[in-house]
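To be precise, the following lines are upload05.pdb, and they hold PDB, C-alpha atoms.
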ATOM      1  CA  MET A  13    -144.264 154.823  -7.634
ATOM      2  CA  ALA A  14    -140.722 154.249  -8.881
ATOM      3  CA  GLU A  15    -138.003 153.544  -6.303
ATOM      4  CA  ALA A  16    -135.073 155.910  -5.912
ATOM      5  CA  GLY A  17    -132.798 155.581  -8.940
ATOM      6  CA  GLN A  18    -135.416 153.656 -10.857
ATOM      7  CA  ARG A  19    -136.403 154.775 -14.330
ATOM      8  CA  PRO A  20    -139.804 156.456 -14.494
ATOM      9  CA  GLY A  21    -142.572 154.380 -15.963
ATOM     10  CA  ALA A  22    -141.148 151.017 -14.908
ATOM     11  CA  SER A  23    -143.983 148.908 -13.619
ATOM     12  CA  GLY A  24    -144.924 145.382 -12.622
ATOM     13  CA  LEU A  25    -142.220 142.765 -12.847
ATOM     14  CA  ALA A  26    -140.030 145.153 -14.847
ATOM     15  CA  ALA A  27    -139.837 147.512 -11.876
ATOM     16  CA  GLU A  28    -139.193 144.602  -9.541
ATOM     17  CA  PHE A  29    -136.415 143.274 -11.761
ATOM     18  CA  GLU A  30    -134.802 146.677 -12.018
ATOM     19  CA  GLN A  31    -134.734 146.957  -8.261
ATOM     20  CA  ILE A  32    -133.069 143.548  -7.967
ATOM     21  CA  TYR A  33    -130.609 144.432 -10.719
ATOM     22  CA  ARG A  34    -129.569 147.636  -9.004
ATOM     23  CA  ALA A  35    -129.182 145.855  -5.672
ATOM     24  CA  HIS A  36    -127.021 143.003  -6.938
ATOM     25  CA  VAL A  37    -125.321 143.833 -10.235
ATOM     26  CA  GLN A  38    -122.123 144.909  -8.493
ATOM     27  CA  GLU A  39    -121.934 141.653  -6.539
ATOM     28  CA  VAL A  40    -122.406 139.646  -9.717
ATOM     29  CA  THR A  41    -119.778 141.692 -11.537
ATOM     30  CA  ALA A  42    -117.421 141.149  -8.602
ATOM     31  CA  TYR A  43    -118.126 137.391  -8.711
ATOM     32  CA  PHE A  44    -116.822 137.263 -12.271
ATOM     33  CA  ALA A  45    -114.022 139.749 -11.556
ATOM     34  CA  ARG A  46    -112.684 137.242  -9.022
ATOM     35  CA  ARG A  47    -112.477 134.684 -11.803
ATOM     36  CA  THR A  48    -110.984 136.622 -14.646
ATOM     37  CA  ALA A  49    -109.029 139.840 -15.033
ATOM     38  CA  ASP A  50    -110.303 140.444 -18.584
ATOM     39  CA  PRO A  51    -112.865 143.293 -18.566
ATOM     40  CA  GLN A  52    -114.612 142.104 -21.734
ATOM     41  CA  THR A  53    -115.091 138.621 -20.278
ATOM     42  CA  VAL A  54    -116.407 140.063 -17.023
ATOM     43  CA  ALA A  55    -118.830 142.207 -19.025
ATOM     44  CA  ASP A  56    -119.955 139.292 -21.215
ATOM     45  CA  LEU A  57    -120.556 136.971 -18.289
ATOM     46  CA  THR A  58    -122.391 139.616 -16.279
ATOM     47  CA  ALA A  59    -124.571 140.420 -19.285
ATOM     48  CA  ASP A  60    -125.251 136.725 -19.905
ATOM     49  CA  THR A  61    -126.316 136.302 -16.300
ATOM     50  CA  PHE A  62    -128.796 139.166 -16.362
ATOM     51  CA  VAL A  63    -130.178 138.302 -19.788
ATOM     52  CA  ARG A  64    -130.972 134.841 -18.461
ATOM     53  CA  ALA A  65    -132.313 136.350 -15.257
ATOM     54  CA  ILE A  66    -134.665 138.781 -16.953
ATOM     55  CA  THR A  67    -135.819 136.130 -19.411
ATOM     56  CA  SER A  68    -136.774 133.736 -16.643
ATOM     57  CA  PHE A  69    -137.832 136.361 -14.106
ATOM     58  CA  PRO A  70    -141.572 135.595 -14.325
ATOM     59  CA  THR A  71    -140.798 132.090 -13.091
ATOM     60  CA  PHE A  72    -138.706 133.299 -10.148
ATOM     61  CA  ASP A  73    -140.655 132.806  -6.943
ATOM     62  CA  PRO A  74    -139.455 135.125  -4.144
ATOM     63  CA  ALA A  75    -141.226 132.935  -1.609
ATOM     64  CA  ARG A  76    -138.790 130.137  -2.390
ATOM     65  CA  GLY A  77    -135.544 132.019  -2.006
ATOM     66  CA  SER A  78    -133.803 135.347  -2.180
ATOM     67  CA  PRO A  79    -133.072 137.115  -5.468
ATOM     68  CA  ARG A  80    -129.385 137.086  -4.566
ATOM     69  CA  GLY A  81    -129.211 133.311  -4.200
ATOM     70  CA  TRP A  82    -131.142 132.940  -7.437
ATOM     71  CA  LEU A  83    -128.831 135.314  -9.316
ATOM     72  CA  PHE A  84    -125.679 133.632  -8.048
ATOM     73  CA  GLY A  85    -127.117 130.294  -9.112
ATOM     74  CA  ILE A  86    -127.480 131.657 -12.624
ATOM     75  CA  ALA A  87    -124.027 133.261 -12.478
ATOM     76  CA  ARG A  88    -122.268 130.030 -11.571
ATOM     77  CA  ARG A  89    -124.017 128.185 -14.400
ATOM     78  CA  VAL A  90    -123.002 130.940 -16.806
ATOM     79  CA  PHE A  91    -119.408 130.642 -15.636
ATOM     80  CA  ALA A  92    -119.412 126.855 -15.880
ATOM     81  CA  GLN A  93    -120.640 127.074 -19.460
ATOM     82  CA  HIS A  94    -118.056 129.731 -20.202
ATOM     83  CA  CYS A  95    -115.310 127.410 -18.941
ATOM     84  CA  GLU A  96    -116.673 124.630 -21.098
ATOM     85  CA  ARG A  97    -116.645 126.894 -24.166
ATOM     86  CA  VAL A  98    -113.106 128.016 -23.422
ATOM     87  CA  SER A  99    -111.929 124.445 -23.054
ATOM     88  CA  ARG A 100    -113.406 123.714 -26.490
ATOM     89  CA  GLY A 101    -111.925 126.832 -28.012
ATOM     90  CA  GLN A 102    -115.365 128.236 -28.770
ATOM     91  CA  ASP A 103    -115.193 131.380 -26.676
ATOM     92  CA  VAL A 104    -113.819 133.675 -29.370
ATOM     93  CA  THR A 105    -116.443 132.435 -31.795
ATOM     94  CA  ALA A 106    -119.195 133.142 -29.282
ATOM     95  CA  ARG A 107    -117.906 136.629 -28.691
ATOM     96  CA  LEU A 108    -117.703 137.412 -32.382
ATOM     97  CA  ALA A 109    -121.253 136.168 -32.800
ATOM     98  CA  GLY A 110    -122.906 139.287 -31.467
ATOM     99  CA  ARG A 111    -121.592 140.396 -28.084
ATOM    100  CA  ARG A 112    -121.394 144.132 -27.555
ATOM    101  CA  GLU A 113    -117.812 145.295 -27.263
ATOM    102  CA  LEU A 114    -117.041 147.515 -24.277
ATOM    103  CA  GLY A 115    -116.349 151.186 -24.783
ATOM    104  CA  VAL A 116    -113.054 152.580 -23.501
ATOM    105  CA  ASP A 117    -114.711 154.229 -20.489
ATOM    106  CA  GLU A 118    -116.676 151.110 -19.613
ATOM    107  CA  ALA A 119    -113.555 148.947 -19.820
ATOM    108  CA  ALA A 120    -111.609 151.372 -17.639
ATOM    109  CA  GLU A 121    -114.300 151.311 -14.982
ATOM    110  CA  LEU A 122    -114.441 147.535 -15.043
ATOM    111  CA  VAL A 123    -110.674 147.382 -14.654
ATOM    112  CA  VAL A 124    -111.100 149.347 -11.431
ATOM    113  CA  ARG A 125    -113.721 146.837 -10.291
ATOM    114  CA  ILE A 126    -111.447 143.948 -11.271
ATOM    115  CA  ASP A 127    -108.538 145.484  -9.372
ATOM    116  CA  ALA A 128    -110.792 145.801  -6.334
ATOM    117  CA  GLU A 129    -111.341 142.048  -6.479
ATOM    118  CA  CYS A 130    -107.614 141.331  -6.614
ATOM    119  CA  ARG A 131    -107.637 140.203  -2.979
ATOM    120  CA  GLY A 132    -110.616 137.968  -3.680
ATOM    121  CA  ARG A 133    -108.759 136.336  -6.572
ATOM    122  CA  GLU A 134    -105.742 135.768  -4.330
ATOM    123  CA  LEU A 135    -107.959 134.173  -1.704
ATOM    124  CA  LEU A 136    -109.501 131.893  -4.300
ATOM    125  CA  ASP A 137    -106.051 130.939  -5.591
ATOM    126  CA  GLY A 138    -104.977 130.271  -2.023
ATOM    127  CA  MET A 139    -107.799 127.788  -1.665
ATOM    128  CA  ALA A 140    -106.585 125.703  -4.585
ATOM    129  CA  ALA A 141    -106.026 122.767  -2.244
ATOM    130  CA  LEU A 142    -109.765 122.543  -1.602
ATOM    131  CA  ALA A 143    -112.151 120.519  -3.710
ATOM    132  CA  PRO A 144    -113.919 122.800  -6.227
ATOM    133  CA  ALA A 145    -117.282 122.312  -4.538
ATOM    134  CA  ASP A 146    -115.862 123.203  -1.118
ATOM    135  CA  ARG A 147    -113.995 126.198  -2.493
ATOM    136  CA  GLU A 148    -117.148 127.518  -4.082
ATOM    137  CA  ALA A 149    -119.047 127.204  -0.815
ATOM    138  CA  VAL A 150    -116.387 129.163   1.054
ATOM    139  CA  GLU A 151    -116.283 131.823  -1.635
ATOM    140  CA  LEU A 152    -120.021 132.433  -1.647
ATOM    141  CA  VAL A 153    -120.308 132.603   2.140
ATOM    142  CA  ASP A 154    -116.990 134.057   3.268
ATOM    143  CA  ILE A 155    -115.979 136.224   0.316
ATOM    144  CA  ALA A 156    -119.190 137.133  -1.497
ATOM    145  CA  GLY A 157    -121.028 137.402   1.820
ATOM    146  CA  LEU A 158    -124.109 135.394   0.930
ATOM    147  CA  GLU A 159    -126.317 134.077   3.696
ATOM    148  CA  ARG A 160    -126.009 130.312   4.038
ATOM    149  CA  THR A 161    -129.498 129.773   2.698
ATOM    150  CA  GLU A 162    -128.660 131.947  -0.311
ATOM    151  CA  ALA A 163    -125.416 130.117  -0.958
ATOM    152  CA  ALA A 164    -127.159 126.753  -0.672
ATOM    153  CA  ALA A 165    -129.775 127.920  -3.168
ATOM    154  CA  ALA A 166    -127.092 129.201  -5.538
ATOM    155  CA  LEU A 167    -125.265 125.885  -5.369
ATOM    156  CA  GLY A 168    -128.442 123.858  -5.671
ATOM    157  CA  ILE A 169    -127.797 121.928  -2.462
ATOM    158  CA  SER A 170    -129.425 121.683   0.940
ATOM    159  CA  SER A 171    -128.316 123.839   3.862
ATOM    160  CA  GLY A 172    -127.034 120.669   5.508
ATOM    161  CA  ALA A 173    -124.834 119.844   2.544
ATOM    162  CA  LEU A 174    -123.539 123.417   2.470
ATOM    163  CA  ARG A 175    -122.670 123.156   6.144
ATOM    164  CA  ILE A 176    -120.736 119.974   5.474
ATOM    165  CA  ARG A 177    -118.791 121.639   2.690
ATOM    166  CA  LEU A 178    -118.000 124.687   4.805
ATOM    167  CA  PHE A 179    -116.978 122.569   7.764
ATOM    168  CA  ARG A 180    -114.726 120.394   5.625
ATOM    169  CA  ALA A 181    -113.207 123.360   3.788
ATOM    170  CA  ARG A 182    -112.500 125.346   6.923
ATOM    171  CA  ALA A 183    -111.003 122.329   8.668
ATOM    172  CA  LYS A 184    -108.681 121.794   5.727
ATOM    173  CA  LEU A 185    -107.765 125.478   5.566
ATOM    174  CA  ARG A 186    -107.017 125.480   9.294
ATOM    175  CA  LYS A 187    -104.794 122.462   8.805
ATOM    176  CA  ILE A 188    -102.964 124.104   5.916
ATOM    177  CA  VAL A 189    -102.438 127.312   7.889
ATOM    178  CA  GLY A 190    -101.266 125.293  10.895
ATOM    179  CA  GLU A 191     -98.743 123.380   8.784
ATOM    180  CA  GLU A 192     -97.433 126.601   7.279
ATOM    181  CA  HIS A 193     -96.766 127.992  10.763
ATOM    182  CA  GLU A 194     -94.995 124.879  12.025
TER
ATOM    183  CA  MET B  20    -123.395 151.572 -10.850
ATOM    184  CA  ASN B  21    -120.737 152.163 -13.472
ATOM    185  CA  LYS B  22    -121.354 152.940 -17.128
ATOM    186  CA  PHE B  23    -121.304 149.318 -18.203
ATOM    187  CA  GLU B  24    -123.895 148.374 -15.581
ATOM    188  CA  GLU B  25    -126.118 151.336 -16.496
ATOM    189  CA  GLN B  26    -125.840 150.503 -20.196
ATOM    190  CA  LEU B  27    -126.613 146.853 -19.550
ATOM    191  CA  LEU B  28    -129.717 147.819 -17.598
ATOM    192  CA  ASP B  29    -130.811 150.073 -20.461
ATOM    193  CA  ASP B  30    -130.313 147.224 -22.951
ATOM    194  CA  LEU B  31    -132.183 144.755 -20.774
ATOM    195  CA  MET B  32    -135.104 147.062 -20.234
ATOM    196  CA  ARG B  33    -135.274 148.051 -23.879
ATOM    197  CA  ASP B  34    -135.319 144.420 -25.035
ATOM    198  CA  HIS B  35    -137.330 142.809 -22.231
ATOM    199  CA  GLY B  36    -138.952 145.588 -20.201
ATOM    200  CA  PRO B  37    -142.230 145.934 -22.123
ATOM    201  CA  ARG B  38    -142.871 142.200 -21.999
ATOM    202  CA  LEU B  39    -141.941 142.028 -18.325
ATOM    203  CA  ALA B  40    -144.099 145.010 -17.379
ATOM    204  CA  VAL B  41    -147.244 143.137 -18.360
ATOM    205  CA  ALA B  42    -146.068 139.646 -17.380
ATOM    206  CA  ARG B  43    -147.517 137.877 -14.367
ATOM    207  CA  ARG B  44    -146.035 135.170 -12.239
ATOM    208  CA  PRO B  45    -147.813 131.849 -12.394
ATOM    209  CA  GLY B  46    -149.996 130.972  -9.409
ATOM    210  CA  PRO B  47    -148.494 129.357  -6.326
ATOM    211  CA  ARG B  48    -147.090 125.920  -6.938
ATOM    212  CA  PRO B  49    -147.768 123.047  -4.585
ATOM    213  CA  GLU B  50    -145.544 123.074  -1.545
ATOM    214  CA  LYS B  51    -142.622 120.723  -1.364
ATOM    215  CA  PRO B  52    -143.507 117.510   0.398
ATOM    216  CA  THR B  53    -143.150 118.046   4.119
ATOM    217  CA  TRP B  54    -140.528 115.351   4.385
ATOM    218  CA  ILE B  55    -137.995 117.412   2.514
ATOM    219  CA  ALA B  56    -138.269 120.216   5.037
ATOM    220  CA  THR B  57    -138.566 118.193   8.166
ATOM    221  CA  GLY B  58    -137.261 114.786   7.241
ATOM    222  CA  VAL B  59    -138.838 113.263  10.304
ATOM    223  CA  VAL B  60    -140.469 109.921  10.875
ATOM    224  CA  ALA B  61    -139.651 106.905   8.763
ATOM    225  CA  LEU B  62    -140.644 103.361   8.093
ATOM    226  CA  ALA B  63    -139.572 100.654  10.438
ATOM    227  CA  GLY B  64    -136.409  98.784   9.589
ATOM    228  CA  VAL B  65    -134.394  95.988  11.025
ATOM    229  CA  THR B  66    -130.667  96.011  11.485
ATOM    230  CA  VAL B  67    -128.673  93.090  12.757
ATOM    231  CA  GLY B  68    -125.099  92.866  13.951
ATOM    232  CA  ALA B  69    -122.840  94.343  16.515
ATOM    233  CA  VAL B  70    -122.760  98.092  16.902
ATOM    234  CA  LEU B  71    -119.295  99.606  16.982
ATOM    235  CA  LEU B  72    -119.834 102.973  18.534
ATOM    236  CA  VAL B  73    -117.244 105.637  17.871
ATOM    237  CA  PRO B  74    -115.668 107.262  20.944
ATOM    238  CA  SER B  75    -118.046 109.211  23.119
ATOM    239  CA  ASP B  76    -116.491 112.561  22.244
ATOM    240  CA  SER B  77    -117.692 112.068  18.643
ATOM    241  CA  PRO B  78    -121.228 110.808  19.113
ATOM    242  CA  ALA B  79    -122.523 111.992  15.755
ATOM    243  CA  TYR B  80    -122.422 108.605  14.063
ATOM    244  CA  ALA B  81    -122.084 104.869  14.576
ATOM    245  CA  VAL B  82    -120.926 102.174  12.183
ATOM    246  CA  THR B  83    -122.375  98.680  12.386
ATOM    247  CA  ASP B  84    -120.705  95.714  10.663
ATOM    248  CA  ASN B  85    -123.445  93.245   9.910
ATOM    249  CA  LYS B  86    -122.979  89.489   9.692
ATOM    250  CA  ASP B  87    -124.150  89.423   6.101
ATOM    251  CA  GLY B  88    -121.253  91.628   4.959
ATOM    252  CA  THR B  89    -123.249  94.801   4.856
ATOM    253  CA  VAL B  90    -122.578  97.908   6.863
ATOM    254  CA  THR B  91    -125.105 100.123   8.581
ATOM    255  CA  VAL B  92    -124.175 103.679   9.452
ATOM    256  CA  SER B  93    -126.308 105.753  11.789
ATOM    257  CA  VAL B  94    -125.750 109.489  11.746
ATOM    258  CA  ASP B  95    -127.226 112.035  14.123
ATOM    259  CA  ASN B  96    -127.281 114.637  11.397
ATOM    260  CA  ALA B  97    -126.100 115.254   7.868
ATOM    261  CA  SER B  98    -122.984 117.040   9.105
ATOM    262  CA  ALA B  99    -121.597 113.742  10.313
ATOM    263  CA  VAL B 100    -121.430 112.297   6.820
ATOM    264  CA  ASP B 101    -117.949 113.673   6.284
ATOM    265  CA  ASP B 102    -116.696 111.811   9.370
ATOM    266  CA  VAL B 103    -118.394 108.675   8.116
ATOM    267  CA  ASP B 104    -116.469 108.891   4.862
ATOM    268  CA  LYS B 105    -113.200 108.911   6.804
ATOM    269  CA  GLN B 106    -114.262 106.062   9.045
ATOM    270  CA  LEU B 107    -115.164 103.818   6.121
ATOM    271  CA  ARG B 108    -111.752 104.192   4.453
ATOM    272  CA  GLY B 109    -113.247 103.481   1.072
ATOM    273  CA  PRO B 110    -115.320 105.360  -1.470
ATOM    274  CA  VAL B 111    -119.086 105.025  -1.353
ATOM    275  CA  ARG B 112    -120.727 104.429  -4.712
ATOM    276  CA  VAL B 113    -124.241 105.646  -5.272
ATOM    277  CA  SER B 114    -125.984 103.917  -8.166
ATOM    278  CA  ALA B 115    -129.393 104.913  -9.467
ATOM    279  CA  GLY B 116    -132.420 103.370  -7.794
ATOM    280  CA  VAL B 117    -131.340 103.287  -4.150
ATOM    281  CA  PRO B 118    -134.533 103.373  -2.043
ATOM    282  CA  VAL B 119    -134.931 106.274   0.367
ATOM    283  CA  HIS B 120    -137.452 105.981   3.204
ATOM    284  CA  CYS B 121    -137.716 109.581   4.295
ATOM    285  CA  ASP B 122    -141.313 110.378   3.483
ATOM    286  CA  PRO B 123    -143.689 110.384   6.457
ATOM    287  CA  SER B 124    -146.444 109.158   4.163
ATOM    288  CA  GLY B 125    -144.418 106.040   3.441
ATOM    289  CA  VAL B 126    -143.604 106.825  -0.172
ATOM    290  CA  VAL B 127    -140.258 105.362  -1.119
ATOM    291  CA  ARG B 128    -138.096 107.601  -3.285
ATOM    292  CA  LEU B 129    -135.432 106.216  -5.582
ATOM    293  CA  LEU B 130    -132.164 108.128  -5.744
ATOM    294  CA  PRO B 131    -130.588 109.032  -9.057
ATOM    295  CA  GLN B 132    -126.931 108.162  -9.548
ATOM    296  CA  ARG B 133    -124.668 110.451  -7.563
ATOM    297  CA  GLU B 134    -120.929 110.967  -7.289
ATOM    298  CA  SER B 135    -120.725 110.691  -3.527
ATOM    299  CA  LEU B 136    -122.566 109.804  -0.362
ATOM    300  CA  GLU B 137    -122.641 113.469   0.583
ATOM    301  CA  ALA B 138    -124.214 114.461  -2.727
ATOM    302  CA  ALA B 139    -126.838 111.751  -2.388
ATOM    303  CA  LEU B 140    -127.747 112.537   1.197
ATOM    304  CA  SER B 141    -127.850 116.282   0.689
ATOM    305  CA  GLU B 142    -130.943 115.761  -1.428
ATOM    306  CA  VAL B 143    -132.865 113.674   1.031
ATOM    307  CA  VAL B 144    -131.674 114.296   4.565
ATOM    308  CA  GLY B 145    -132.248 117.383   6.696
ATOM    309  CA  ALA B 146    -129.332 118.837   8.642
ATOM    310  CA  GLU B 147    -130.490 117.638  12.043
ATOM    311  CA  VAL B 148    -132.270 114.433  11.135
ATOM    312  CA  PRO B 149    -130.955 111.117  12.437
ATOM    313  CA  THR B 150    -130.541 108.809   9.502
ATOM    314  CA  ARG B 151    -129.687 105.174   8.949
ATOM    315  CA  ILE B 152    -127.585 104.462   5.880
ATOM    316  CA  ARG B 153    -127.147 100.944   4.560
ATOM    317  CA  MET B 154    -124.209  99.904   2.407
ATOM    318  CA  ARG B 155    -122.722  96.789   0.898
ATOM    319  CA  LYS B 156    -119.006  96.238   1.303
ATOM    320  CA  ASN B 157    -117.275  95.443  -1.989
ATOM    321  CA  ASP B 158    -114.198  93.301  -2.509
ATOM    322  CA  ASP B 159    -112.149  96.277  -3.668
ATOM    323  CA  GLY B 160    -112.687  98.118  -0.365
ATOM    324  CA  SER B 161    -115.384 100.404  -1.703
ATOM    325  CA  PHE B 162    -118.985 100.491  -0.548
ATOM    326  CA  THR B 163    -122.249 100.598  -2.451
ATOM    327  CA  LEU B 164    -125.167 102.487  -0.980
ATOM    328  CA  THR B 165    -128.218 100.242  -0.722
ATOM    329  CA  GLY B 166    -130.730 102.204   1.318
ATOM    330  CA  VAL B 167    -131.491 105.268   3.413
ATOM    331  CA  GLU B 168    -133.991 105.681   6.238
ATOM    332  CA  CYS B 169    -134.668 109.010   7.920
ATOM    333  CA  GLY B 170    -135.702 109.256  11.567
ATOM    334  CA  LYS B 171    -133.730 106.124  12.468
ATOM    335  CA  LYS B 172    -130.593 105.828  14.522
TER
END
Structure re-expressed in structure tokens:
Amino acid sequence: MAEAGQRPGASGLAAEFEQIYRAHVQEVTAYFARRTADPQTVADLTADTFVRAITSFPTFDPARGSPRGWLFGIARRVFAQHCERVSRGQDVTARLAGRRELGVDEAAELVVRIDAECRGRELLDGMAALAPADREAVELVDIAGLERTEAAAALGISSGALRIRLFRARAKLRKIVGEEHE
Amino acid sequence: MNKFEEQLLDDLMRDHGPRLAVARRPGPRPEKPTWIATGVVALAGVTVGAVLLVPSDSPAYAVTDNKDGTVTVSVDNASAVDDVDKQLRGPVRVSAGVPVHCDPSGVVRLLPQRESLEAALSEVVGAEVPTRIRMRKNDDGSFTLTGVECGKK
């Protein structure tokens, strides 16, 4: 039987994927909205993430980690590749090569979502003093709200390594805050 | 969900849904070797030299300067690696092929090249596993990782 909100007739892995999509698409959209204020880019990156996710979904093993950690792992790779394309000036070309342009209503709704992540973007900017790897760990755990095991899976590191990064990042942030109050 | 998210789901299901509906996951893969999860027990090793223990309020690691110019670092757990980095006052280089003795069956794994000690150890050491790390001190003040043994202090 289809879950609440699920389209009738969805079955097997398709139904399972739809459930995961509905549970996490807003978090993934928010992840990109913390990185860019351009609705079309947020839409493209979110779409890229879920196209990759649905393509590889038969190989996803729920016994080895949560769907959320898996999705965020894909999302961060999508963003890293996006940054690489931008740095090479290839982003416009990629967009012209077949991405669906947002409708006015869709863009307006995404702007609302992007505005909602304004505080998250400020927090990320405020952590500029941290190493990128440490900043990413803090974002996934403290801003995106991932469990530590999920964040470790998303980052492709062990829980121990994640703990080191969090410890180091928080110590540095405490030091920065302390210096600002002196 | 907003319109974009609903439309994206429609597109995904239209393009991939039929294939996914009849797809099956492959059978269970072999479990990870136990040593990755537990990281306990290791091969015997010999360390010579004087042990310079850090103050007792930071007992998570110890640095040993060996007579042959090498350095042995013993950490109580992976979280202490950051403190070790500070103590060494020099970057640790991790070249490909460093032997790792963390498999209870005795299999020696060779590390790929990594950018830092933390990155290297995160792949082989559990969070609460005492580990002995061997390094060579270089003339320029840096260190080169030469070996890792789990279950050793």
Residues of chain A that have any atom at most 10 Å from an atom of chain B: could you tabulate them with the shortest-distance atom pair and the distance in Å to one decimal, using all atoms listed in the file, ordered by chain and increasing number, as a tab-separated table?
residue	atom	partner	partner_atom	distance
A:Arg19	CA	B:Asp29	CA	9.5
A:Gly21	CA	B:Ala40	CA	9.6
A:Ala22	CA	B:Ala40	CA	7.1
A:Ser23	CA	B:Ala40	CA	5.4
A:Gly24	CA	B:Ala40	CA	4.8
A:Leu25	CA	B:Ala40	CA	5.4
A:Ala26	CA	B:Ala40	CA	4.8
A:Ala27	CA	B:Ala40	CA	7.4
A:Glu28	CA	B:Ala40	CA	9.3
A:Phe29	CA	B:Leu39	CA	8.7
A:Glu30	CA	B:Leu28	CA	7.6
A:Tyr33	CA	B:Leu28	CA	7.7
A:Arg34	CA	B:Met20	CA	7.6
A:Ala35	CA	B:Met20	CA	9.6
A:Val37	CA	B:Glu24	CA	7.2
A:Gln38	CA	B:Met20	CA	7.2
A:Thr41	CA	B:Glu24	CA	8.8
A:Ala55	CA	B:Phe23	CA	7.6
A:Thr58	CA	B:Glu24	CA	8.9
A:Ala59	CA	B:Leu27	CA	6.8
A:Phe62	CA	B:Leu31	CA	7.9
A:Val63	CA	B:Leu31	CA	6.8
A:Ile66	CA	B:His35	CA	7.2
A:Thr67	CA	B:His35	CA	7.4
A:Ser68	CA	B:Leu39	CA	9.9
A:Phe69	CA	B:Leu39	CA	8.2
A:Pro70	CA	B:Arg44	CA	4.9
A:Thr71	CA	B:Arg44	CA	6.1
A:Phe72	CA	B:Arg44	CA	7.8
A:Asp73	CA	B:Arg44	CA	7.9
A:Ala75	CA	B:Pro47	CA	9.4
A:Arg76	CA	B:Glu50	CA	9.8
A:Arg112	CA	B:Leu27	CA	9.9
A:Leu114	CA	B:Phe23	CA	7.6
A:Gly115	CA	B:Phe23	CA	8.4
A:Asp117	CA	B:Lys22	CA	7.6
A:Glu118	CA	B:Phe23	CA	5.2
A:Ala119	CA	B:Phe23	CA	7.9
A:Ala120	CA	B:Lys22	CA	9.9
A:Glu121	CA	B:Asn21	CA	6.7
A:Leu122	CA	B:Phe23	CA	7.8
A:Arg125	CA	B:Asn21	CA	9.4
A:Gly168	CA	B:Glu142	CA	9.5
A:Ile169	CA	B:Ser141	CA	6.5
A:Ser170	CA	B:Ser141	CA	5.6
A:Ser171	CA	B:Ala146	CA	7.0
A:Gly172	CA	B:Ala146	CA	4.3
A:Ala173	CA	B:Ser141	CA	5.0
A:Leu174	CA	B:Ser141	CA	8.5
A:Arg175	CA	B:Ser98	CA	6.8
A:Ile176	CA	B:Ser98	CA	5.2
A:Arg177	CA	B:Asp101	CA	8.8
A:Phe179	CA	B:Ser98	CA	8.3
A:Arg180	CA	B:Asp101	CA	7.5
Quiz item: If I put a ball of radius 12 Å at (-110.8, 134.1, -5.7) in the file's coordinates, which residues poke into it when counting all atoms listed in the file, written as a PyMOL selection string?
Solution: chain A and resi 42-49+126+128-140+144+147-152+154-156
Quiz prompt | Length of the atom CA of B:Leu164 to atom CA of B:Arg112 vector [Å] | solution = 6.1 Å
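Closest approach to B:Met154 from the set B:Pro131, B:Gly170, B:Pro110, B:Gly125 is made by B:Pro110, with distances taken over all atoms listed in the file.
In this structure, atom CA of A:Phe84 sits 7.0 Å away from atom CA of A:Val40.
When only C-alpha atoms are used to compute distances to B:Gly109, the closest of the residues B:Asn157, B:Gln132, B:Thr91, B:Asn85 turns out to be B:Asn157.
Atom CA of B:Gly88 is found 22.9 Å from atom CA of B:Arg133.
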Quiz prompt | Residues within 8 Å of B:Thr165, all atoms listed in the file, excluding chain neighbours under 5 positions, as a VMD selection string | solution = chain B and resid 117 to 118 152 to 155
Stretch 87-93 of chain A from the block above: N, CA, C and O atoms written as a short mmCIF file (atom, residue, chain, number, x, y, z; two decimals), in the first residue's frame:
data_model
loop_
_atom_site.label_atom_id
_atom_site.label_comp_id
_atom_site.auth_asym_id
_atom_site.auth_seq_id
_atom_site.Cartn_x
_atom_site.Cartn_y
_atom_site.Cartn_z
N ALA A 87 25.18 14.85 -2.36
CA ALA A 87 25.02 16.30 -2.48
C ALA A 87 26.37 17.02 -2.41
O ALA A 87 26.63 17.95 -3.18
N ARG A 88 27.22 16.59 -1.50
CA ARG A 88 28.50 17.31 -1.39
C ARG A 88 29.40 17.04 -2.59
O ARG A 88 30.16 17.91 -3.01
N ARG A 89 29.27 15.85 -3.18
CA ARG A 89 30.04 15.59 -4.41
C ARG A 89 29.50 16.43 -5.57
O ARG A 89 30.26 16.97 -6.37
N VAL A 90 28.19 16.54 -5.63
CA VAL A 90 27.57 17.38 -6.67
C VAL A 90 28.04 18.82 -6.52
O VAL A 90 28.40 19.47 -7.50
N PHE A 91 28.09 19.30 -5.28
CA PHE A 91 28.51 20.69 -5.08
C PHE A 91 29.99 20.88 -5.41
O PHE A 91 30.37 21.89 -5.99
N ALA A 92 30.79 19.91 -5.04
CA ALA A 92 32.23 20.01 -5.34
C ALA A 92 32.45 20.07 -6.85
O ALA A 92 33.27 20.87 -7.34
N GLN A 93 31.70 19.26 -7.58
CA GLN A 93 31.85 19.28 -9.04
C GLN A 93 31.32 20.58 -9.63
O GLN A 93 31.86 21.09 -10.61
#
